[in-house]
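Colleague: Here it is, the structure in full.
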Amino acid sequence: MSHPLSNRIKSLPTSQTLAMAAKARELKTQGKDIISLSLGEPDFNTPDFIKDAAIEAINQNYNSYTPVDGYVELKEAICTKFKRDNNVVYNPNQIVVSTGAKQSIANVAQVLLNPGDEVILPAPYWVSYSAIATLCEAKFIEIPSSIDTDFKITADQLEAAITPKTKMVFFNSPNNPSGSVYSEEEYRALAKVLEKHPNIFILSDEIYEHINYGVTPFSFAAIESMYDRTITVNGLAKAFAMTGWRIGYIGAPEWIAKACTKMQGQITSGTNCIAQRAAITAVLASPKKIQYMVDEFKSRRDIVLDLLSTIDGFKINIPEGAFYVFPDISAFFGKTIQGVKINNANDFSMFLLEKANVATVTGEAFGAPDCIRMSYAASELQLREAIKRIKEALQ
Ligand code: GLU
């Protein structure tokens with residue numbers, strides 16, 4: 001019997017990042033020696049100074065419901081962080097704390113998008129952007145890019161994608177999955193186009209801002225003409241190795257923040273009390289305190305780039321941020337390797353899982369069907385072994 005599920009859930013694709021991570025976990029449970037490079041999750045422990053703040057919060061009996069939009073002390077701390085790192089001034093009424101940046105993005109989409117609205121997604125884009133737009137019955141319009149343009153879009157491409165129905169642009173730098181980082185100049189060129197279209201909102205996902213290897217990250221909201229229609233999304237998962245703590249937040253025009261609070265008040269209410277108290281300590285800490293993780297990611301990136309460059313058929317750009325490589329593997333399409341026909345990136349990713357015991361994510365999920373994503377948020381030993389296996393499987 002078919003189950004009478006809603007059209008909403010039926011039209012929603014499964015998150016491919018989470019699906020691949022679940023598959024890798026399941027195979028490991030069955031005793032298979034899988035190396036998972038699928039999930040974007042730092043392999044570090046949460047720093048002790050943050051854990052201590054959480055323990056203190058438990059001992060101080062922080063156990064009640066929290067304000068829907070977050071503790072005021074946390075919102076103030078986030079304002080301090082925005083001023084310090086991004087040169088953007090928000091007041092606490094413009095901040096909403098949520099259960100992960102994913103909920104922050106879903107809130108914003110739910111409160112701004114109507115059925116039929118168009119959302120521009122520069123590709124490659126994080127898997128859940130398109131799904132969240134779909135959930136709002138909006139139409140997502142992809143702007144393609146490729147490894148030849150370092151996976152960045154141009155102002156002309158943005159201009160060409162805009163129609164009278166365009167309501168939002170989802171923007172993400174440093175980018176998941178490509179690792180590309182837009183410079184201030186590139187941001188300003190995109191903003192010039194948007195200045196001509198005052199009804200378009202910008203969701204600027206800056207969750208990887210601290211994980212960058214040289215190009216100073218910039219914020220859309222730091223451009224004066226964009227401030228009133230930009231929603232800046234950030235969170236603690238990536239920079240502070242706090243994926244499971246689930247703290248994300250937005251800085252936005254007050255009326256959007258208010259609407260997100262209303263939405264959240266009917267769905268999840270305020271975020272976990274202990275995680276919020278610990279988050280105050282985390283966001284107020286100097287970014288220098290987490291530099292050791294960034295340095296380690298950079299050294300792993302260099303190792304991975306070096307090793308992958310020895311595999312014929314892998315075309316790679318140099319990611320300037322985040323912790324992913326996004327090789328173009330289209331050279332393998334149409335080939336048969338170890339009896340397996342590779343037609344596309346899905347086939348290639350499954351081939352690596354089955355023949356090399358290495359889990360990656362297909363680029364199709366990110367709107368880039370020539371590529372696969374590999375996370376290097378894994379130990380150097382695992383990364384070396386994974387690439388050795390990939391090389392052997394392909395030979
Ligand atoms: N953002 C991470 C990733 O891309 C975590 C998984 C997810 O929520 O998609 O792998």
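Note on naming: chains are A, B, ... as they come in the structure tokens, residues start from 1 per chain, ligands start from 1 in the order shown.
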Considering only C-alpha atoms, return as an NGL selection string whatever protein or nucleic-acid residues lie within 8 Å of stretch 177-194 of chain A, sequence-local ones (same chain, fewer than 3 positions apart) excluded.

Modeller: :A and (124-126 or 150-152 or 154-155 or 158-159 or 173-174 or 197-198 or 200 or 212 or 215-218 or 220 or 223 or 225-226 or 318-326 or 366 or 373)

Colleague: With a distance cut-off of 8 Å and only C-alpha atoms, select the neighbouring residues of A:Pro92, excluding the residue or stretch itself and same-chain residues fewer than 6 positions from it, and output the selection as a list in words.

Modeller: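 Surrounding residues, per the criterion: Val72, Lys75, Glu76 and Cys79 of chain A.
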
Colleague: Could I get the residue neighbourhood of ligand 1 at 6 Å, counting only C-alpha atoms and all ligand atoms, as a ChimeraX atom specification?

Modeller: /A:17-18,39-40

Colleague: Dump C-alpha atoms for the selected residues as a PDB file, in the first residue's frame?

Modeller:
```
ATOM      1  CA  THR A  17      25.519  14.763   2.382  1.00  0.00           C
ATOM      2  CA  LEU A  18      23.610  13.144   5.219  1.00  0.00           C
ATOM      3  CA  LEU A  39      30.373  14.822   5.804  1.00  0.00           C
ATOM      4  CA  GLY A  40      31.638  18.347   6.350  1.00  0.00           C
TER       5      GLY A  40
END
```

Colleague: Would you list the contacts of A:Asn343 as a ChimeraX atom specification, taking every protein, DNA or RNA residue within 7 Å and counting only C-alpha atoms, but skipping same-chain residues closer than 4 positions in sequence?

Modeller: /A:333-334,347

Colleague: Please dump the current selection as a short mmCIF file (atom, residue, chain, number, x, y, z; two decimals), in the first residue's frame; keep all heavy atoms.

Modeller:
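Everything below was put into selection-v5.cif:
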```cif
data_model
loop_
_atom_site.label_atom_id
_atom_site.label_comp_id
_atom_site.auth_asym_id
_atom_site.auth_seq_id
_atom_site.Cartn_x
_atom_site.Cartn_y
_atom_site.Cartn_z
N PHE A 333 33.87 9.78 -17.29
CA PHE A 333 32.53 9.45 -17.80
C PHE A 333 32.66 8.67 -19.12
O PHE A 333 33.46 9.03 -20.00
CB PHE A 333 31.69 10.71 -18.02
CG PHE A 333 31.40 11.49 -16.75
CD1 PHE A 333 30.77 12.73 -16.80
CD2 PHE A 333 31.73 10.99 -15.49
CE1 PHE A 333 30.50 13.46 -15.64
CE2 PHE A 333 31.47 11.70 -14.33
CZ PHE A 333 30.86 12.94 -14.40
N GLY A 334 31.86 7.61 -19.23
CA GLY A 334 31.90 6.78 -20.44
C GLY A 334 32.89 5.64 -20.34
O GLY A 334 32.93 4.77 -21.19
N ASP A 347 27.64 7.68 -10.38
CA ASP A 347 28.29 6.37 -10.60
C ASP A 347 29.71 6.40 -10.04
O ASP A 347 30.16 5.43 -9.43
CB ASP A 347 28.39 6.05 -12.11
CG ASP A 347 27.04 5.79 -12.74
OD1 ASP A 347 26.05 5.64 -11.99
OD2 ASP A 347 26.97 5.76 -13.99
#
```

Colleague: Please provide the set of residues having any atom within 8 Å of A:Ile390, restricted to only C-alpha atoms, with same-chain residues fewer than 2 positions apart removed, written as a PyMOL selection string.

Modeller: chain A and resi 352+356+358+386-388+392-394

Colleague: So the first atom is atom CA of A:Thr268 and the second is atom CA of A:Ala109; what is the distance between them in Å, to one decimal place?

Modeller: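 Interatomic distance here is 16.0 Å.
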
Colleague: Can you pull out the residues contacting A:Met293? Cut-off 9 Å, using only C-alpha atoms, and skip same-chain residues under 5 positions away; I want them as JSON, numbers by chain.

Modeller: {"A": [42, 44, 211, 239, 240, 241, 298]}

Colleague: Figure out the distance between atom CA of A:Lys23 and atom CA of A:Asn7, please, to one decimal in Å.

Modeller: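 Between atom CA of A:Asn7 and atom CA of A:Lys23 the gap works out to 25.9 Å.
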
Colleague: So which residues touch A:Glu296 within 12 Å, counting only C-alpha atoms, skipping near sequence neighbours fewer than 5 positions away, as JSON, numbers by chain?

Modeller: {"A": [42, 43, 44, 211, 212, 213, 290, 291, 301, 302, 303, 323, 376, 377, 378, 379, 380]}

Colleague: Those same residues - C-alpha atoms - I'd like them written as a CSV table (one decimal), in the first residue's frame.

Modeller:
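New file part-v7.csv:
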```csv
chain,number,residue,atom,x,y,z
A,42,PRO,CA,35.7,18.9,11.8
A,43,ASP,CA,37.3,15.9,13.4
A,44,PHE,CA,38.6,18.1,16.3
A,211,ILE,CA,38.3,28.6,7.7
A,212,ASN,CA,40.1,30.5,5.0
A,213,TYR,CA,43.7,30.3,3.8
A,290,ILE,CA,40.9,28.4,16.8
A,291,GLN,CA,43.8,29.1,14.4
A,301,ARG,CA,44.5,20.6,2.0
A,302,ASP,CA,48.0,20.9,0.6
A,303,ILE,CA,48.6,17.1,1.2
A,323,PHE,CA,37.5,22.0,4.1
A,376,TYR,CA,39.5,16.8,4.2
A,377,ALA,CA,38.2,17.2,7.8
A,378,ALA,CA,39.7,13.8,8.5
A,379,SER,CA,43.1,12.8,9.9
A,380,GLU,CA,46.2,13.0,7.6
```

Colleague: Based on the backbone DSSP call, show me all residues of stretch 360-389 of chain A assigned alpha helix (DSSP H), as an mmCIF file with all heavy atoms, in the first residue's frame.

Modeller:
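Contents of selection_35.cif, freshly written:
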```cif
data_model
loop_
_atom_site.group_PDB
_atom_site.id
_atom_site.type_symbol
_atom_site.label_atom_id
_atom_site.label_comp_id
_atom_site.auth_asym_id
_atom_site.auth_seq_id
_atom_site.Cartn_x
_atom_site.Cartn_y
_atom_site.Cartn_z
ATOM 1 N N GLU A 380 45.238 13.067 8.754
ATOM 2 C CA GLU A 380 46.176 12.966 7.635
ATOM 3 C C GLU A 380 46.342 11.507 7.205
ATOM 4 O O GLU A 380 46.394 11.182 6.020
ATOM 5 C CB GLU A 380 47.522 13.578 8.059
ATOM 6 C CG GLU A 380 48.497 13.607 6.920
ATOM 7 C CD GLU A 380 49.871 14.136 7.315
ATOM 8 O OE1 GLU A 380 49.963 15.023 8.185
ATOM 9 O OE2 GLU A 380 50.855 13.633 6.744
ATOM 10 N N LEU A 381 46.398 10.627 8.201
ATOM 11 C CA LEU A 381 46.560 9.203 7.933
ATOM 12 C C LEU A 381 45.404 8.684 7.072
ATOM 13 O O LEU A 381 45.609 7.966 6.081
ATOM 14 C CB LEU A 381 46.587 8.461 9.287
ATOM 15 C CG LEU A 381 47.377 7.180 9.346
ATOM 16 C CD1 LEU A 381 48.862 7.486 9.240
ATOM 17 C CD2 LEU A 381 47.064 6.442 10.663
ATOM 18 N N GLN A 382 44.191 9.061 7.459
ATOM 19 C CA GLN A 382 43.012 8.618 6.711
ATOM 20 C C GLN A 382 43.007 9.199 5.303
ATOM 21 O O GLN A 382 42.655 8.510 4.339
ATOM 22 C CB GLN A 382 41.742 9.066 7.429
ATOM 23 C CG GLN A 382 41.354 8.201 8.597
ATOM 24 C CD GLN A 382 40.041 8.688 9.181
ATOM 25 O OE1 GLN A 382 39.861 9.883 9.406
ATOM 26 N NE2 GLN A 382 39.136 7.769 9.433
ATOM 27 N N LEU A 383 43.406 10.462 5.206
ATOM 28 C CA LEU A 383 43.402 11.105 3.889
ATOM 29 C C LEU A 383 44.402 10.422 2.955
ATOM 30 O O LEU A 383 44.091 10.122 1.798
ATOM 31 C CB LEU A 383 43.729 12.597 4.031
ATOM 32 C CG LEU A 383 42.634 13.417 4.732
ATOM 33 C CD1 LEU A 383 43.149 14.809 5.098
ATOM 34 C CD2 LEU A 383 41.394 13.537 3.843
ATOM 35 N N ARG A 384 45.591 10.139 3.489
ATOM 36 C CA ARG A 384 46.615 9.472 2.661
ATOM 37 C C ARG A 384 46.126 8.097 2.209
ATOM 38 O O ARG A 384 46.251 7.704 1.053
ATOM 39 C CB ARG A 384 47.923 9.330 3.449
ATOM 40 C CG ARG A 384 48.675 10.636 3.588
ATOM 41 C CD ARG A 384 50.029 10.416 4.252
ATOM 42 N NE ARG A 384 50.713 11.675 4.464
ATOM 43 C CZ ARG A 384 51.412 12.329 3.531
ATOM 44 N NH1 ARG A 384 51.533 11.816 2.322
ATOM 45 N NH2 ARG A 384 51.995 13.477 3.785
ATOM 46 N N GLU A 385 45.549 7.370 3.156
ATOM 47 C CA GLU A 385 45.061 6.024 2.849
ATOM 48 C C GLU A 385 43.911 6.092 1.822
ATOM 49 O O GLU A 385 43.867 5.303 0.880
ATOM 50 C CB GLU A 385 44.601 5.344 4.161
ATOM 51 C CG GLU A 385 43.934 3.989 4.023
ATOM 52 C CD GLU A 385 44.821 2.892 3.412
ATOM 53 O OE1 GLU A 385 46.056 3.032 3.464
ATOM 54 O OE2 GLU A 385 44.250 1.909 2.876
ATOM 55 N N ALA A 386 42.996 7.043 2.024
ATOM 56 C CA ALA A 386 41.842 7.155 1.114
ATOM 57 C C ALA A 386 42.317 7.402 -0.316
ATOM 58 O O ALA A 386 41.848 6.745 -1.263
ATOM 59 C CB ALA A 386 40.932 8.288 1.572
ATOM 60 N N ILE A 387 43.255 8.327 -0.472
ATOM 61 C CA ILE A 387 43.682 8.663 -1.832
ATOM 62 C C ILE A 387 44.490 7.508 -2.448
ATOM 63 O O ILE A 387 44.390 7.229 -3.644
ATOM 64 C CB ILE A 387 44.435 10.008 -1.843
ATOM 65 C CG1 ILE A 387 43.450 11.098 -1.386
ATOM 66 C CG2 ILE A 387 44.975 10.327 -3.236
ATOM 67 C CD1 ILE A 387 44.051 12.436 -1.114
ATOM 68 N N LYS A 388 45.222 6.799 -1.613
ATOM 69 C CA LYS A 388 45.951 5.613 -2.103
ATOM 70 C C LYS A 388 44.943 4.593 -2.654
ATOM 71 O O LYS A 388 45.114 4.034 -3.739
ATOM 72 C CB LYS A 388 46.748 5.019 -0.936
ATOM 73 C CG LYS A 388 47.620 3.863 -1.311
ATOM 74 C CD LYS A 388 48.562 3.517 -0.158
ATOM 75 C CE LYS A 388 48.791 2.046 -0.100
ATOM 76 N NZ LYS A 388 48.101 1.296 0.908
ATOM 77 N N ARG A 389 43.869 4.391 -1.873
ATOM 78 C CA ARG A 389 42.853 3.417 -2.309
ATOM 79 C C ARG A 389 42.179 3.852 -3.604
ATOM 80 O O ARG A 389 41.898 3.045 -4.478
ATOM 81 C CB ARG A 389 41.777 3.276 -1.226
ATOM 82 C CG ARG A 389 42.230 2.548 0.006
ATOM 83 C CD ARG A 389 41.017 2.366 0.879
ATOM 84 N NE ARG A 389 41.355 1.999 2.236
ATOM 85 C CZ ARG A 389 40.457 1.859 3.204
ATOM 86 N NH1 ARG A 389 39.176 2.063 2.958
ATOM 87 N NH2 ARG A 389 40.813 1.519 4.411
#
```

Colleague: Nearest to A:Ser64: which of A:Thr230, A:Thr271, A:Asn93, A:Asn199 is it, counting only C-alpha atoms?

Modeller: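 So, comparing all the options, the nearest one is A:Thr271.
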